[in-house]
Amino acid sequence: MGSIKLESLKKAFGSQIVIPDANLEIGDGEFVVFVGPSGCGKSTLLRLIAGLEEPTGGRIVIDGQDVTKTSPAQRKLSMVFQSYALYPHMTVYQNIAFPLKMAGEKADLIRKRVQEVATSLDLLPYLERRPRALSGGQRQRVAIGRAIIRQPTGFLFDEPLSNLDAALRVSMRMEISDLHKRLGSTMIYVTHDQVEAMTMADRIAVMNAGRIEQFATPLELYRRPANLFVAGFIGSPK
Ligand code: ADP
Ligand code: MG
C-alpha cells in the first residue's frame with residue numbers, strides 16, 4: 001500500500017501562485033525524485049503531500065482515499081527533513097522510541113521495535129549514547145530509525161543530505177536506496193542535485209517554476225527530454 005495521486009493540485013501564498021496545477025500518479029513502492037532549481041516549489045509540493053500545507057485547490061489521493069482534508073498523522077507518511085533534528089537530551093534509544101511512545105504503545109512492543117530498527121540500521125552499540133556522542137552518519141541513521149519505527153506506508157525526504165560532506169552523501173544515498181529495497185515503501189525524495197536524482201530514482205519529476213515539466217525514468221529523461229528545460233537540467237543532448 002502506498003500509491004499517491006495528485007489531481008489538479010494548486011497552492012498559492014497570497015497572490016503568489018507557487019504550484020499552479022500539479023498532476024502526478026506515483027505507484028505503490030516507487031522511488032520518486034522531485035528535482036528542480038531552488039525556489040521551484042519542490043518543498044511546497046512535498047509539504048502539501050505530507051499535509052503540512054493546505055492546498056488552494058485540487059485533491060490528494062493516497063491508496064484510493066481522498067486525504068486532502070486530513071491531518072498529517074492520518075496520512076501515514078513519514079517526513080525526513082534536512083536538518084535531522086534529534087532530541088539532544090534523549091538517548092538514541094529514546095529518540096527512536098519517541099514516536100511509538102507518543103502513540104501510546106506498550107513498553108514491550110516499543111522495546112521489540114527499537115531492537116529491530118536499531119539492528120537494521122547498525123545502531124545497536126549506540127542505544128545508550130546521546131546524539132552529541134555520535135558521528136554525522138550515525139545521527140542520520142537515528143533520524144531514519146525514528147522515521148521508520150511506525151512502519152509508515154510512505155516516506156517523504158526533503159533534501160536530507162544537503163548538509164553533509166561529499167563522502168558521507170554518497171554512503172547515505174546508498175543507505176536510503178537500501179532502505180527502499182528492504183521496506184518496499186513508496187518514497188518521495190526532493191533534491192536539487194541532478195546526480196542524486198539520476199542515480200536513485202525509479203522515476204523523476206523535473207520541476208520548473210511550480211510545474212512538473214516531465215515525469216519519467218532517468219533513461220527516458222536522458223533519451224527523450226520533453227523540452228529544452230529538461231534537457232538542460234538533466235544534461236542530455238537535445
Ligand atoms: P524549493 O523547495 O524548490 O526550493 P519552495 O517550495 O521552498 O521551493 O518555495 C517555492 C516558492 O514558494 C518560493 O518562491 C518561496 O518563497 C515560496 N514559499 C514557500 N513557502 C512559503 C510560505 N510559507 N509563505 C510564502 N511563500 C512561500
Ligand atoms: Mg526546498
# chains A, B, ... in the order shown; residues from 1 in each chain; ligands from 1
>>> select_by_dssp(residues="range 7-203 of chain A", states="strand (DSSP E or B)", output="ChimeraX atom specification")
/A:7-13,16-26,31-35,57-62,65-66,77-80,154-158,186-191,203
>>> write_last_selection(atoms="C-alpha atoms", output="mmCIF file, in the first residue's frame")
data_model
loop_
_atom_site.group_PDB
_atom_site.id
_atom_site.type_symbol
_atom_site.label_atom_id
_atom_site.label_comp_id
_atom_site.auth_asym_id
_atom_site.auth_seq_id
_atom_site.Cartn_x
_atom_site.Cartn_y
_atom_site.Cartn_z
ATOM 1 C CA GLU A 7 -5.145 15.801 -9.063
ATOM 2 C CA SER A 8 -5.012 19.422 -10.222
ATOM 3 C CA LEU A 9 -3.235 20.333 -7.022
ATOM 4 C CA LYS A 10 -2.771 24.051 -6.549
ATOM 5 C CA LYS A 11 -1.038 26.208 -3.939
ATOM 6 C CA ALA A 12 -0.844 29.966 -3.627
ATOM 7 C CA PHE A 13 0.726 32.048 -0.869
ATOM 8 C CA GLN A 16 1.945 34.256 -5.452
ATOM 9 C CA ILE A 17 0.930 31.041 -7.196
ATOM 10 C CA VAL A 18 3.647 28.556 -6.293
ATOM 11 C CA ILE A 19 2.034 25.355 -7.660
ATOM 12 C CA PRO A 20 -0.400 26.209 -10.486
ATOM 13 C CA ASP A 21 -1.729 22.725 -11.393
ATOM 14 C CA ALA A 22 0.130 19.571 -10.385
ATOM 15 C CA ASN A 23 -0.961 16.155 -11.649
ATOM 16 C CA LEU A 24 1.006 13.053 -10.769
ATOM 17 C CA GLU A 25 0.471 9.342 -10.176
ATOM 18 C CA ILE A 26 3.013 7.560 -8.022
ATOM 19 C CA PHE A 31 11.087 5.686 -5.501
ATOM 20 C CA VAL A 32 10.248 9.075 -6.991
ATOM 21 C CA VAL A 33 12.554 12.085 -7.008
ATOM 22 C CA PHE A 34 11.373 15.691 -7.336
ATOM 23 C CA VAL A 35 14.218 17.648 -8.860
ATOM 24 C CA GLY A 57 -7.323 23.652 -4.861
ATOM 25 C CA GLY A 58 -7.277 20.081 -6.133
ATOM 26 C CA ARG A 59 -7.050 16.695 -4.435
ATOM 27 C CA ILE A 60 -4.544 14.310 -2.906
ATOM 28 C CA VAL A 61 -5.463 10.627 -3.026
ATOM 29 C CA ILE A 62 -3.496 8.001 -1.091
ATOM 30 C CA GLN A 65 -8.718 7.563 -0.450
ATOM 31 C CA ASP A 66 -9.116 11.304 -0.657
ATOM 32 C CA LEU A 77 3.626 9.221 5.686
ATOM 33 C CA SER A 78 6.870 9.815 7.491
ATOM 34 C CA MET A 79 8.712 13.044 6.742
ATOM 35 C CA VAL A 80 12.518 13.217 6.997
ATOM 36 C CA GLY A 154 5.488 6.076 2.572
ATOM 37 C CA PHE A 155 8.462 8.341 3.214
ATOM 38 C CA LEU A 156 8.997 11.942 2.228
ATOM 39 C CA PHE A 157 12.573 13.214 2.185
ATOM 40 C CA ASP A 158 13.339 16.916 1.755
ATOM 41 C CA THR A 186 6.841 4.391 -1.515
ATOM 42 C CA MET A 187 9.418 7.141 -1.233
ATOM 43 C CA ILE A 188 9.452 10.704 -2.499
ATOM 44 C CA TYR A 189 12.842 12.320 -2.364
ATOM 45 C CA VAL A 190 13.393 16.023 -3.028
ATOM 46 C CA THR A 191 16.751 17.279 -4.247
ATOM 47 C CA ARG A 203 11.050 7.934 -11.881
#
>>> residues_near_ligand(ligand="ligand 2", cutoff="9 Å", atoms="only C-alpha atoms and all ligand atoms", output="list in words")
Ser38, Gly39, Cys40, Gly41, Lys42, Ser43, Thr44, Leu46, Asp158, Glu159, Val190, Thr191 and His192 of chain A
>>> atom_distance(atom1="CA of Leu86 in chain A", atom2="CA of Leu127 in chain A")
13.5 Å
>>> closest_residue(among="A:Ile212, A:Ala231, A:Leu134, A:Ala103", to="ligand 1", atoms="only C-alpha atoms and all ligand atoms")
A:Ile212
>>> closest_residue(among="A:Gly29, A:Pro55, A:Gly184, A:Pro72", to="ligand 1", atoms="only C-alpha atoms and all ligand atoms")
A:Pro55
